[in-house]
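Q: There's a structure below that I have some questions on.
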Amino acid sequence: MKTKKKKDTTWKLHLRARLDSNPINGTNGKGGGILFDTYTAALLTCNPTAWSLLKLLSSGATLQELSLALTNEYEVSKKKADQDIQNLLKQLEYMGLIDSAKEEK
Amino acid sequence: MQKKKNKVRVAVSGFSGLDNPEPGNAVARTLRYELGNDIDIEGLTYDVWSSGAWPSGLIDQLHLMPPLSSGDQATLNRILEINTKRPIDAIIPCLDLEVETYSRLSRQLERNGIKTLLPNQEDLDSVKKISLPYFCYKNDILTPNTIHVPDVTNVAFYADQIGYPLIVKGTVADSKKVHSRENAIYEATRLNAKWGGGVLLQPFIEGDEYVVAVVCRHDNSILGMTPVRKLGINERGKGVVGSVIEDPQLEKHARTIIKKLHWRGPLELEFIKKQQDSGQFYLIEINCRFPNWIVVSGFAGCNLPGLLLNEILEPRRRRIPKPRPGTAYVRDTYEYSISADLIDKFGRFGEISAPISNNHKKISSPKNGYKIAITGISSFDVVMPGLGVAKSLRNEPEIEKLYGLGYGPYDSGAHNPSLFDSIYRLPDTDNESDLINCIKQIKDNSGLDVLLPCLDHEIEKFINIEDNLKGIGVKMLLPTLKTYKNRSKKHLHNMKQKDWSAFRIPDSEIVVNDKQFYRSLKNLGFPLVLKGINGGSEKVYNYQHAHAVWLEMKNNGHEEILVQKFIAGDEFTVAGVCDYRSNLLQAVAVKKLVQCEKGNTWGAIKVSLPGLTENLAPYLLKLQWKGPFELEFIRDITKETLNLIEINPRFPAWIGFTCDLGINLPLTTILSIFGKEISPKERNEDLIFLRSCYEYKVEAERFALYASRGILHHE
């Protein structure tokens with residue numbers, strides 16, 4: 001089967017990644033949050049930009065959706081947003097925290 | 001005494017170990033966590049100083065046991081004797097060496113109504129450290145190559161073959177990572193002397209440490225499992241911070257191993273996940289009892305000691321909850337005082353009801369009291385004095401807020417909600433303006449009146465910024481830089497006047513190279529104490545031992561080493577505080593009764609040394625000391641003279657004891673800073689200070705919060 005372009009691929013955070021929107025300080029995630037890897041107990045403190053992306057990734061999102069969300073929410077060019085998204089996905093993939101791209105049917 | 005109806009009574013052992021606690025305290029706490037007062041817990045100890053058994057509310061009755069070396073019959077007789085007075089339903093042995101004994105005795109115990117759930121001898125033999133490599137080989141389980149060296153004189157030969165660094169292990173417990181041949185010989189000799197049977201050598205595997213606690217049913221199936229990743233490992237290699245995880249690969253691996261074991265009862269599997277080679281799990285060790293971090297299984301909702309007890313008493317299929325990943329523990333300490341009479345009675349009668357005390361009771365804070373910040377709030381490697389200072393001030397009506405000043409997310413005191421209102425992270429830098437800015441920020445945001453630095457290495461830094469802090473309204477009580485330097489080990493060594501009226505300063509030599517070192521050994525003879533100028537000391541008995549320690553100290557960056565005659569005798573320490581005019585305000589002398597491997601005091605009693613305390617005031621005045629101090633002495637067993645070993649420029653870690661005695665030295669310091677009178681309090685002289693370990697529940701996310709924001713608040 002011919003695979004679609006990467007931008008149409010849905011990326012989803014693995015179940016092992018647990019997001020904690022920092023309820024302790026009552027910021028409701030507006031100031032970022034913490035990602036906990038349930039397999040290794042690794043903790044990642046996330047800034048607001050990464051946090052917005054992780055929340056979308058927890059239910060699954062394409063590159064296009066991620067890019068749109070980021071450019072809508074922040075004053076950032078599409079090029080820079082795409083670059084940041086690629087970097088985050090790369091990091092998550094390296095840590096095994098994102099499922100291999102699920103191809104859209 | 002008749003057993004109360006419907007109340008289960010379980011005997012638990014393993015309450016010693018001090019800073020490397022035996023698991024009994026954690027097992028008893030975890031049982032209490034689930035069952036509260038619906039259970040009677042009988043504590044079985046081998047000596048009266050088992051500090052894990054005395055904390056109030058943990059154990060109902062303590063019983064002295066004969067040493068295991070007395071034989072199975074002696075253990076059985078003692079248990080049956082206890083059973084006639086306080087009928088026991090079940091026993092959970094928590095020491096490696098005990099498990100075999102109780103396993104052999106299990107049928108006789110059961111005939112007397114006492115149940116156990118333990119593996120048989122054959123299964124126990126297969127997991128012993130010496131036989132584990134064969135077990136792994138036979139069952140295709142990854143484990144590091146292991147060489148058993150029965151005769152430690154051959155250690156150098158085998159260690160060189162493996163290469164460095166490597167791990168030297170005792171045949172029963174304990175292990176040490178070593179970096180050189182000398183180091184390997186030294187550790188092997190030490191471990192062999194402690195456990196016998198030679199040592200085991202293993203190559204060091206770089207990776208993260210994982211541990212899994214398991215309880216197996218009567219039919220060898222798994223009843224419950226709690227996997228944990230060690231997040232914080234201290235200098236001794238002990239995991240003092242850990243978080244529950246949920247890794248299917250690790251769980252599958254653990255299940256495969258357990259299937260091969262035919263196990264019954266509790267056990268702990270230890271793994272290293274190799275950083276290279278796609279992160280495979282290497283089985284390092286199997287322990288035939290609960291680990292000392294087991295309380296986290298209760299925190300995470302899968303209470304393994306509780307499950308074990310249910311399985312022992314009513315074996316049946318149960319639905320077992322999975323432990324919640326992200327639930328973590330941090331090991332801190334719990335300090336308390338008990339009547340000296342209780343210890344005496346326990347020693348003489350062999351059993352006693354556990355004490356009831358009100359330590360760590362939090363009271364509401366006043367609104368217009370002082371706001372105090374304290375450094376040195378961790379027990380990660382050694383117990384720092386800030387914890388005791390906080391304990392002393394916590395319930396005083398003059399104090400409104402207590403802030404802990406730490407350096408990292410695993411500072412244990414930062415997670416103890418009963419000690420501090422808030423925790424702030426200090427910059428770990430020598431840059432004074434960063435430190436001043438950080439303190440100014442705390443002052444601006446939360447208010448701050450006094451700062452009490454409690455760590456040796458910080459004092460000089462704080463002396464340098466004392467005026468700056470005074471300028472922003474934060475007071476301290478510290479000596480001048482000159483006085484501070486005059487109390488150093490090197491200065492004591494150089495002092496011309498060695499004999500004072502109440503004490504003397506022992507002979508010593510400072511060495512910087514091999515030639516001087518070996519000359520010193522000749523001059524002073526054995527045994528000796530080798531001390532780093534900035535901390536660390538070791539007693540050595542002969543040339544070989546001294547050589548190994550000398551090399552290790554040099555490897556650890558010690559440029560100058562103080563070689564001092566070892567003085568055999570009781571150890572005393574005097575804590576006190578001098579005011580701005582160097583007048584001694586108050587002092588308390590204690591005799592050290594229990595010390596951990598690092599030489600820190602885990603048990604002490606107040607003593608009266610009138611000759612010494614009377615002479616201290618002029619000595620401190622001459623030294624022009626200001627603020628808190630600790631003087632350490634050894635009373636020569638033959639000459640009966642007191643020898644001044646060290647002057648520490650801060651309170652000792654046991655300072656919380658002074659609060660229990662009614663001579664609250666940290667409070668005296670605060671009041672003296674504000675020129676206030678110290679009102680006399682009711683003295684309680686007949687007390688013994690004890691310390692045990694205590695694990696706090698933490699949600700792992702709080703580590704990240706503290707690391708990233710540098711602030712933690714306790715509700």
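Chain lettering (A, B, ...) mirrors the order of the structure tokens, residue numbering begins at 1 for each chain separately, and ligand numbering begins at 1 in order of display.
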Please list as a PyMOL selection string every residue within 6 Å of Glu695 in chain B, counting only C-alpha atoms and excluding residues in the same chain fewer than 3 positions away.
A: chain B and resi 329-332
Q: Give me a file of those residues, with N, CA and C atoms, as a tab-separated table (two decimals), in the first residue's frame.
A:
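Generated file (again-v1.tsv):
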```tsv
chain	number	residue	atom	x	y	z
B	329	TYR	N	9.02	7.35	46.78
B	329	TYR	CA	9.38	7.48	48.19
B	329	TYR	C	10.70	8.24	48.28
B	330	VAL	N	10.85	8.95	49.36
B	330	VAL	CA	12.12	9.59	49.69
B	330	VAL	C	12.46	9.18	51.11
B	331	ARG	N	13.67	8.65	51.28
B	331	ARG	CA	14.05	8.21	52.63
B	331	ARG	C	14.64	9.38	53.43
B	332	ASP	N	13.99	9.64	54.53
B	332	ASP	CA	14.46	10.68	55.44
B	332	ASP	C	14.68	10.00	56.79
```
Q: Distance cut-off 10 Å, counting only C-alpha atoms - which residues of chain A neighbour chain B? Return them as an MDAnalysis selection string.
A: chainID A and resid 16 18:22 24:25 33:46
Q: Just list the residues in range 301-472 of chain B DSSP gives strand (DSSP E) on the backbone, as a VMD selection string.
A: chain B and resid 327 to 339 351 to 353 370 to 375 399 to 406 422 to 425 450 to 452
Q: As a PyMOL selection string, please: the residues near range 49-56 of chain A (cut-off 10 Å, only C-alpha atoms, same-chain neighbours under 3 positions excluded).
A: chain A and resi 11-13+17+19-21+29-35+45-46+59-62+65-67+69-70+73-74+81+84-85+88-89+92
Q: Excluding same-chain residues fewer than 5 positions from range 139-142 of chain B, what lies within 8 Å of it counting only C-alpha atoms, as a PyMOL selection string?
A: chain B and resi 257+260+281-283
Q: Taking 6 positions as the minimum chain separation for residues in the same chain, which residues sit within 8 Å of range 534-540 of chain B when counting only C-alpha atoms? Answer as a PyMOL selection string.
A: chain B and resi 526-528+546+549+566
